[in-house]
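> My structure file entry31.pdb, PDB, C-alpha atoms, is below:
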```pdb
ATOM      1  CA  MET N 257      -6.489 -13.262   7.367  1.00  0.00           C
ATOM      2  CA  THR N 258      -5.643 -11.000  10.313  1.00  0.00           C
ATOM      3  CA  ALA N 259      -1.925 -11.781  10.239  1.00  0.00           C
ATOM      4  CA  HIS N 260      -1.840 -11.585   6.439  1.00  0.00           C
ATOM      5  CA  ASN N 261      -3.394  -8.097   6.487  1.00  0.00           C
ATOM      6  CA  ALA N 262      -1.396  -6.620   9.396  1.00  0.00           C
ATOM      7  CA  ALA N 263       1.113  -4.852   7.142  1.00  0.00           C
ATOM      8  CA  ALA N 264      -1.682  -3.470   4.947  1.00  0.00           C
ATOM      9  CA  HIS N 265      -3.508  -2.150   8.018  1.00  0.00           C
ATOM     10  CA  ASP N 266      -0.360  -0.490   9.352  1.00  0.00           C
ATOM     11  CA  LEU N 267       0.411   1.066   5.966  1.00  0.00           C
ATOM     12  CA  THR N 268      -3.150   2.363   5.654  1.00  0.00           C
ATOM     13  CA  LEU N 269      -3.100   3.903   9.122  1.00  0.00           C
ATOM     14  CA  SER N 270       0.273   5.515   8.460  1.00  0.00           C
ATOM     15  CA  HIS N 271      -1.392   7.587   5.707  1.00  0.00           C
ATOM     16  CA  ALA N 272      -4.767   8.146   7.382  1.00  0.00           C
ATOM     17  CA  GLY N 273      -3.673  11.165   9.397  1.00  0.00           C
ATOM     18  CA  LEU N 274      -5.945  10.256  12.285  1.00  0.00           C
ATOM     19  CA  GLU N 275      -6.603  13.083  14.712  1.00  0.00           C
ATOM     20  CA  PRO N 276      -8.353  13.105  18.093  1.00  0.00           C
ATOM     21  CA  ASN N 277     -12.115  12.625  17.829  1.00  0.00           C
ATOM     22  CA  ASN N 278     -12.040  11.698  14.139  1.00  0.00           C
ATOM     23  CA  ARG N 279     -15.021   9.775  12.836  1.00  0.00           C
ATOM     24  CA  VAL N 280     -13.720   6.944  10.653  1.00  0.00           C
ATOM     25  CA  LEU N 281     -15.517   4.798   8.094  1.00  0.00           C
ATOM     26  CA  GLU N 282     -14.050   1.427   7.211  1.00  0.00           C
ATOM     27  CA  VAL N 283     -15.330  -0.163   4.028  1.00  0.00           C
ATOM     28  CA  GLY N 284     -14.985  -3.943   3.959  1.00  0.00           C
ATOM     29  CA  PHE N 285     -13.678  -4.392   7.509  1.00  0.00           C
ATOM     30  CA  GLY N 286     -13.351  -8.198   7.409  1.00  0.00           C
ATOM     31  CA  THR N 287     -11.954  -9.283  10.773  1.00  0.00           C
ATOM     32  CA  SER N 288     -12.028  -5.620  11.947  1.00  0.00           C
ATOM     33  CA  THR N 289      -8.384  -5.490  12.976  1.00  0.00           C
ATOM     34  CA  LEU N 290      -7.946  -2.159  11.182  1.00  0.00           C
ATOM     35  CA  ALA N 291     -10.949  -0.766  13.075  1.00  0.00           C
ATOM     36  CA  GLU N 292      -9.414  -1.949  16.336  1.00  0.00           C
ATOM     37  CA  LYS N 293      -6.051  -0.333  15.484  1.00  0.00           C
ATOM     38  CA  ALA N 294      -7.769   2.938  14.519  1.00  0.00           C
ATOM     39  CA  LEU N 295      -9.660   3.001  17.818  1.00  0.00           C
ATOM     40  CA  ARG N 296      -6.380   2.629  19.717  1.00  0.00           C
ATOM     41  CA  ALA N 297      -4.344   5.000  17.532  1.00  0.00           C
ATOM     42  CA  THR N 298      -5.733   8.322  18.704  1.00  0.00           C
ATOM     43  CA  SER N 299      -8.002   9.441  21.523  1.00  0.00           C
ATOM     44  CA  GLY N 300     -11.695   9.844  20.903  1.00  0.00           C
ATOM     45  CA  VAL N 301     -11.724   8.120  17.499  1.00  0.00           C
ATOM     46  CA  THR N 302     -14.967   6.384  16.558  1.00  0.00           C
ATOM     47  CA  VAL N 303     -15.266   3.800  13.795  1.00  0.00           C
ATOM     48  CA  ARG N 304     -18.271   2.864  11.710  1.00  0.00           C
ATOM     49  CA  GLY N 305     -17.985   0.173   9.112  1.00  0.00           C
ATOM     50  CA  ILE N 306     -19.770  -1.920   6.556  1.00  0.00           C
ATOM     51  CA  ASP N 307     -18.963  -5.360   5.218  1.00  0.00           C
ATOM     52  CA  ALA N 308     -20.878  -7.553   2.780  1.00  0.00           C
ATOM     53  CA  SER N 309     -20.274 -10.745   4.774  1.00  0.00           C
ATOM     54  CA  GLU N 310     -22.611 -11.687   7.627  1.00  0.00           C
ATOM     55  CA  VAL N 311     -19.889 -13.932   9.055  1.00  0.00           C
ATOM     56  CA  MET N 312     -17.374 -11.062   9.136  1.00  0.00           C
ATOM     57  CA  VAL N 313     -19.911  -8.719  10.745  1.00  0.00           C
ATOM     58  CA  GLU N 314     -20.582 -11.247  13.495  1.00  0.00           C
ATOM     59  CA  ARG N 315     -16.866 -11.876  14.116  1.00  0.00           C
ATOM     60  CA  ALA N 316     -16.004  -8.174  14.011  1.00  0.00           C
ATOM     61  CA  ASN N 317     -18.630  -7.299  16.582  1.00  0.00           C
ATOM     62  CA  GLU N 318     -17.434 -10.093  18.862  1.00  0.00           C
ATOM     63  CA  HIS N 319     -13.810  -8.996  18.404  1.00  0.00           C
ATOM     64  CA  ASN N 320     -14.645  -5.353  19.224  1.00  0.00           C
ATOM     65  CA  ALA N 321     -17.373  -6.059  21.781  1.00  0.00           C
ATOM     66  CA  GLU N 322     -16.144  -3.478  24.295  1.00  0.00           C
ATOM     67  CA  ALA N 323     -15.890  -0.688  21.704  1.00  0.00           C
ATOM     68  CA  VAL N 324     -19.332  -1.652  20.349  1.00  0.00           C
ATOM     69  CA  ARG N 325     -20.837  -1.499  23.867  1.00  0.00           C
ATOM     70  CA  GLU N 326     -19.219   1.908  24.392  1.00  0.00           C
ATOM     71  CA  ILE N 327     -20.578   3.080  21.012  1.00  0.00           C
ATOM     72  CA  ARG N 328     -17.052   3.794  19.803  1.00  0.00           C
ATOM     73  CA  ALA N 329     -17.560   1.203  17.066  1.00  0.00           C
ATOM     74  CA  GLU N 330     -20.512   0.187  14.935  1.00  0.00           C
ATOM     75  CA  LEU N 331     -19.807  -2.588  12.449  1.00  0.00           C
ATOM     76  CA  ARG N 332     -22.693  -3.651  10.271  1.00  0.00           C
ATOM     77  CA  LEU N 333     -23.771  -5.498   7.180  1.00  0.00           C
ATOM     78  CA  GLY N 334     -23.877  -3.165   4.232  1.00  0.00           C
ATOM     79  CA  SER N 335     -22.960  -2.360   0.674  1.00  0.00           C
ATOM     80  CA  ILE N 336     -20.531   0.193  -0.695  1.00  0.00           C
ATOM     81  CA  SER N 337     -23.163   0.948  -3.331  1.00  0.00           C
ATOM     82  CA  SER N 338     -25.444   2.493  -0.711  1.00  0.00           C
ATOM     83  CA  LEU N 339     -23.704   3.523   2.491  1.00  0.00           C
ATOM     84  CA  PRO N 340     -26.146   3.723   5.425  1.00  0.00           C
ATOM     85  CA  TYR N 341     -24.788   7.047   6.707  1.00  0.00           C
ATOM     86  CA  PRO N 342     -25.795  10.679   6.225  1.00  0.00           C
ATOM     87  CA  ALA N 343     -23.739  13.020   4.059  1.00  0.00           C
ATOM     88  CA  GLU N 344     -20.580  14.432   5.661  1.00  0.00           C
ATOM     89  CA  SER N 345     -20.475  11.912   8.523  1.00  0.00           C
ATOM     90  CA  PHE N 346     -16.728  11.103   8.515  1.00  0.00           C
ATOM     91  CA  GLU N 347     -13.341  12.826   8.484  1.00  0.00           C
ATOM     92  CA  LYS N 348     -11.598   9.667   7.274  1.00  0.00           C
ATOM     93  CA  ALA N 349     -12.550   6.620   5.204  1.00  0.00           C
ATOM     94  CA  LEU N 350     -10.340   3.538   4.933  1.00  0.00           C
ATOM     95  CA  SER N 351     -10.398   0.413   2.807  1.00  0.00           C
ATOM     96  CA  VAL N 352      -7.980  -2.514   2.668  1.00  0.00           C
ATOM     97  CA  HIS N 353      -8.295  -5.266   0.047  1.00  0.00           C
ATOM     98  CA  SER N 354     -11.967  -4.628  -0.669  1.00  0.00           C
ATOM     99  CA  ILE N 355     -12.018  -2.503  -3.828  1.00  0.00           C
ATOM    100  CA  TYR N 356     -11.588  -5.711  -5.866  1.00  0.00           C
ATOM    101  CA  PHE N 357     -15.145  -6.666  -4.953  1.00  0.00           C
ATOM    102  CA  TRP N 358     -16.862  -3.340  -5.685  1.00  0.00           C
ATOM    103  CA  PRO N 359     -19.142  -3.768  -8.729  1.00  0.00           C
ATOM    104  CA  ASP N 360     -18.547  -0.163  -9.861  1.00  0.00           C
ATOM    105  CA  PRO N 361     -15.569   1.462  -8.113  1.00  0.00           C
ATOM    106  CA  ILE N 362     -16.347   4.940  -9.486  1.00  0.00           C
ATOM    107  CA  ALA N 363     -19.919   4.877  -8.152  1.00  0.00           C
ATOM    108  CA  ALA N 364     -18.679   3.380  -4.878  1.00  0.00           C
ATOM    109  CA  LEU N 365     -16.144   6.156  -4.468  1.00  0.00           C
ATOM    110  CA  GLY N 366     -18.987   8.615  -5.101  1.00  0.00           C
ATOM    111  CA  GLU N 367     -20.691   7.126  -2.040  1.00  0.00           C
ATOM    112  CA  VAL N 368     -17.484   7.472  -0.024  1.00  0.00           C
ATOM    113  CA  LEU N 369     -17.212  11.127  -1.090  1.00  0.00           C
ATOM    114  CA  ARG N 370     -20.843  11.700  -0.104  1.00  0.00           C
ATOM    115  CA  VAL N 371     -20.198  10.596   3.489  1.00  0.00           C
ATOM    116  CA  LEU N 372     -16.842  12.384   3.857  1.00  0.00           C
ATOM    117  CA  VAL N 373     -16.706  15.933   5.189  1.00  0.00           C
ATOM    118  CA  SER N 374     -15.210  18.625   2.996  1.00  0.00           C
ATOM    119  CA  GLY N 375     -11.451  17.974   2.977  1.00  0.00           C
ATOM    120  CA  GLY N 376     -11.970  14.442   4.368  1.00  0.00           C
ATOM    121  CA  ARG N 377      -9.384  11.817   3.456  1.00  0.00           C
ATOM    122  CA  PHE N 378      -9.881   8.413   1.813  1.00  0.00           C
ATOM    123  CA  VAL N 379      -7.065   5.844   2.035  1.00  0.00           C
ATOM    124  CA  VAL N 380      -7.143   2.569   0.114  1.00  0.00           C
ATOM    125  CA  THR N 381      -4.590  -0.252   0.148  1.00  0.00           C
ATOM    126  CA  ILE N 382      -4.399  -3.034  -2.420  1.00  0.00           C
ATOM    127  CA  ASP N 383      -2.314  -5.973  -3.517  1.00  0.00           C
ATOM    128  CA  PRO N 384      -1.383  -4.934  -7.071  1.00  0.00           C
ATOM    129  CA  SER N 385      -1.549  -8.525  -8.285  1.00  0.00           C
ATOM    130  CA  GLU N 386      -5.258  -8.996  -7.454  1.00  0.00           C
ATOM    131  CA  PRO N 387      -7.443  -9.226 -10.583  1.00  0.00           C
ATOM    132  CA  LEU N 388     -10.078  -6.608 -11.222  1.00  0.00           C
ATOM    133  CA  GLU N 389     -13.747  -7.447 -11.456  1.00  0.00           C
ATOM    134  CA  ASP N 390     -15.134  -7.473 -15.019  1.00  0.00           C
ATOM    135  CA  PRO N 391     -16.830  -4.009 -14.936  1.00  0.00           C
ATOM    136  CA  MET N 392     -13.545  -2.340 -14.047  1.00  0.00           C
ATOM    137  CA  VAL N 393     -11.548  -4.340 -16.583  1.00  0.00           C
ATOM    138  CA  ARG N 394     -13.868  -3.071 -19.308  1.00  0.00           C
ATOM    139  CA  ARG N 395     -13.647   0.516 -18.003  1.00  0.00           C
ATOM    140  CA  THR N 396      -9.872   0.797 -17.541  1.00  0.00           C
ATOM    141  CA  GLY N 397      -8.463  -2.026 -19.621  1.00  0.00           C
ATOM    142  CA  HIS N 398      -6.293  -3.144 -16.688  1.00  0.00           C
ATOM    143  CA  LYS N 399      -6.140  -6.818 -15.762  1.00  0.00           C
ATOM    144  CA  THR N 400      -4.745  -6.118 -12.297  1.00  0.00           C
ATOM    145  CA  TRP N 401      -4.701  -3.134  -9.983  1.00  0.00           C
ATOM    146  CA  SER N 402      -1.575  -1.071 -10.238  1.00  0.00           C
ATOM    147  CA  ARG N 403      -0.590   2.153  -8.554  1.00  0.00           C
ATOM    148  CA  GLU N 404      -1.413   4.028 -11.761  1.00  0.00           C
ATOM    149  CA  ALA N 405      -4.815   2.358 -12.177  1.00  0.00           C
ATOM    150  CA  LEU N 406      -5.716   3.049  -8.563  1.00  0.00           C
ATOM    151  CA  LEU N 407      -4.737   6.714  -8.813  1.00  0.00           C
ATOM    152  CA  ALA N 408      -6.686   7.012 -12.085  1.00  0.00           C
ATOM    153  CA  VAL N 409      -9.811   5.641 -10.389  1.00  0.00           C
ATOM    154  CA  LEU N 410      -9.409   8.058  -7.467  1.00  0.00           C
ATOM    155  CA  GLU N 411      -9.000  10.953  -9.896  1.00  0.00           C
ATOM    156  CA  GLU N 412     -11.985   9.907 -12.008  1.00  0.00           C
ATOM    157  CA  ALA N 413     -14.101   9.723  -8.853  1.00  0.00           C
ATOM    158  CA  GLY N 414     -13.156  13.296  -7.974  1.00  0.00           C
ATOM    159  CA  LEU N 415     -10.637  12.916  -5.158  1.00  0.00           C
ATOM    160  CA  VAL N 416      -7.970  15.629  -5.064  1.00  0.00           C
ATOM    161  CA  ALA N 417      -4.491  15.954  -3.523  1.00  0.00           C
ATOM    162  CA  LYS N 418      -3.802  12.358  -4.362  1.00  0.00           C
ATOM    163  CA  GLY N 419      -0.718  10.479  -3.290  1.00  0.00           C
ATOM    164  CA  SER N 420       0.539   6.937  -3.094  1.00  0.00           C
ATOM    165  CA  GLU N 421       3.180   4.675  -1.662  1.00  0.00           C
ATOM    166  CA  SER N 422       4.255   1.435  -3.312  1.00  0.00           C
ATOM    167  CA  ARG N 423       5.785  -1.127  -0.976  1.00  0.00           C
ATOM    168  CA  GLN N 424       7.244  -3.890  -3.110  1.00  0.00           C
ATOM    169  CA  ASP N 425       8.703  -5.495   0.016  1.00  0.00           C
ATOM    170  CA  LEU N 426       5.147  -5.960   1.305  1.00  0.00           C
ATOM    171  CA  GLY N 427       3.443  -6.477  -2.055  1.00  0.00           C
ATOM    172  CA  LEU N 428       1.183  -3.473  -1.388  1.00  0.00           C
ATOM    173  CA  VAL N 429       0.143  -0.174  -2.879  1.00  0.00           C
ATOM    174  CA  CYS N 430      -1.510   2.463  -0.711  1.00  0.00           C
ATOM    175  CA  ALA N 431      -3.192   5.482  -2.290  1.00  0.00           C
ATOM    176  CA  TRP N 432      -5.127   8.393  -0.857  1.00  0.00           C
ATOM    177  CA  GLY N 433      -6.995  11.536  -1.757  1.00  0.00           C
ATOM    178  CA  HIS N 434      -9.220  14.197  -0.254  1.00  0.00           C
ATOM    179  CA  LYS N 435     -12.756  15.346  -0.900  1.00  0.00           C
ATOM    180  CA  ARG N 436     -12.760  18.804  -2.443  1.00  0.00           C
ATOM    181  CA  SER N 437     -13.118  21.609   0.075  1.00  0.00           C
TER     182      SER N 437
END
```
Reformat the file's structure so that it appears as structure tokens.

Amino acid sequence: MTAHNAAAHDLTLSHAGLEPNNRVLEVGFGTSTLAEKALRATSGVTVRGIDASEVMVERANEHNAEAVREIRAELRLGSISSLPYPAESFEKALSVHSIYFWPDPIAALGEVLRVLVSGGRFVVTIDPSEPLEDPMVRRTGHKTWSREALLAVLEEAGLVAKGSESRQDLGLVCAWGHKRS
């Protein structure tokens, strides 16, 4: 999974706009390679993350043991439906290949917006051939994620200054937006 997701992680980070001392949330961190790359990308960055898999949480904490000990990383079991962080806790939020599993992407993005600071950036990367979960299929009518569907979801959730990059050579779409200032 780590090797398979390397290009998606790099694409996501290229649009994250990480700055020194940014507080970063990763939703659905899996093996936590993106968290590790974010920690190395810019000085003083801290990463907090949630994942729904106990196995991934255990592996991620082992993989990032030094950063966890230094309190630069905190990777825990959690749900996008109820993020365990106070409002306005993060300058950046990142998600790679996890939106497919969110029961209600609009409500989930509301949670992401709650924990982002004013002007904070959310970056999400998908494989546009992955099927949507049933609640989203009913809401949008799309059978798979596309750039347009992803941007529509970001807009419906209230993100502004949206943008995207489609990388057909990688089979990826990356989209981003900001919380209103």
> Work out where the centre of an axis-aligned box around every listed atom of region 364-369 of chain N lies and how long its edges are once 5 Å is added on each side; give both in Å to one decimal as AutoDock Vina command-line options.

```
--center_x -18.4 --center_y 7.3 --center_z -2.6 --size_x 14.5 --size_y 17.7 --size_z 15.1
```
> Decode the PyMOL selection byres ((chain N and resi 331) around 7) for the given file into explicit residues and return them as a list in words.
Arg304, Gly305, Ile306, Val313, Ala316, Asn317, Ala329, Glu330 and Arg332 of chain N
> As an exercise, work out the distance from CA of Ser422 (chain N) to CA of Phe346 (chain N) in Å and give it to one decimal place.
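Separating CA of Ser422 (chain N) from CA of Phe346 (chain N) is a distance of 26.0 Å.
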> Can you turn the PyMOL selection byres ((chain N and resi 428) around 8) into a concrete residue list for this file, as a PyMOL selection string?
chain N and resi 264+381-384+422-427+429-430
> Take the residues just selected and output them with C-alpha atoms as a compact mmCIF listing (two decimals), keeping the file's coordinate frame.

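Full text of selection-v1.txt as output:
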```
# COMPACT_ATOMS: atom_id res chain seq x y z
CA ALA N 264 -1.68 -3.47 4.95
CA THR N 381 -4.59 -0.25 0.15
CA ILE N 382 -4.40 -3.03 -2.42
CA ASP N 383 -2.31 -5.97 -3.52
CA PRO N 384 -1.38 -4.93 -7.07
CA SER N 422 4.26 1.44 -3.31
CA ARG N 423 5.78 -1.13 -0.98
CA GLN N 424 7.24 -3.89 -3.11
CA ASP N 425 8.70 -5.50 0.02
CA LEU N 426 5.15 -5.96 1.30
CA GLY N 427 3.44 -6.48 -2.06
CA VAL N 429 0.14 -0.17 -2.88
CA CYS N 430 -1.51 2.46 -0.71
```
> Can you pull out every residue within 8 Å of Ala294 (chain N), counting only C-alpha atoms, but drop anything in the same chain fewer than 5 positions away, and send it as a ChimeraX atom specification?
/N:269,274,301,303
> Quote the spacing between CA of Asp360 (chain N) and CA of Ser337 (chain N) in Å to one decimal place.
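CA of Ser337 (chain N) lies 8.1 Å from CA of Asp360 (chain N).
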> Determine the nearest neighbour of Ser299 (chain N) from the options N:Gly375, N:Pro340, N:Pro276, N:Gly414, counting all atoms listed in the file.
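Counting all atoms listed in the file, the residue closest to Ser299 (chain N) is N:Pro276.
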> Kindly indicate which residue among N:Leu339, N:Ala297, N:Ala323, N:Ala308 lies nearest to His265 (chain N), using all atoms listed in the file for the distances.
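Closest to His265 (chain N) of all the choices is N:Ala297.
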> Counting all atoms listed in the file, which residue out of N:Asn278, N:Val311, N:Phe357, N:Gly334 sits closest to Thr298 (chain N)?
N:Asn278
> Which residues fall under the PyMOL selection byres ((chain N and resi 435) around 7) in this file, as a PyMOL selection string?
chain N and resi 369+372+374-377+415-416+433-434+436-437
> One number please: CA of Val371 (chain N) to CA of Ser385 (chain N), in Å, one decimal.
29.2 Å
> Using all atoms listed in the file for the distances, tell me which of N:Glu310, N:Ser270, N:Val379, N:Leu365 is nearest to Glu412 (chain N).
N:Leu365
> Which is closest to His353 (chain N) among N:Leu333, N:Val368, N:Val380, N:Ala417, if we use all atoms listed in the file?
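The closest residue to His353 (chain N) is N:Val380.
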> Go through N:Val280, N:Ala272, N:Ile362, N:Leu290 one by one, measure the shortest atom-to-atom distance of each to Leu406 (chain N) using all atoms listed in the file, and give the residue with the smallest value.
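Looking only at the distances to Leu406 (chain N), the closest residue turns out to be N:Ile362.
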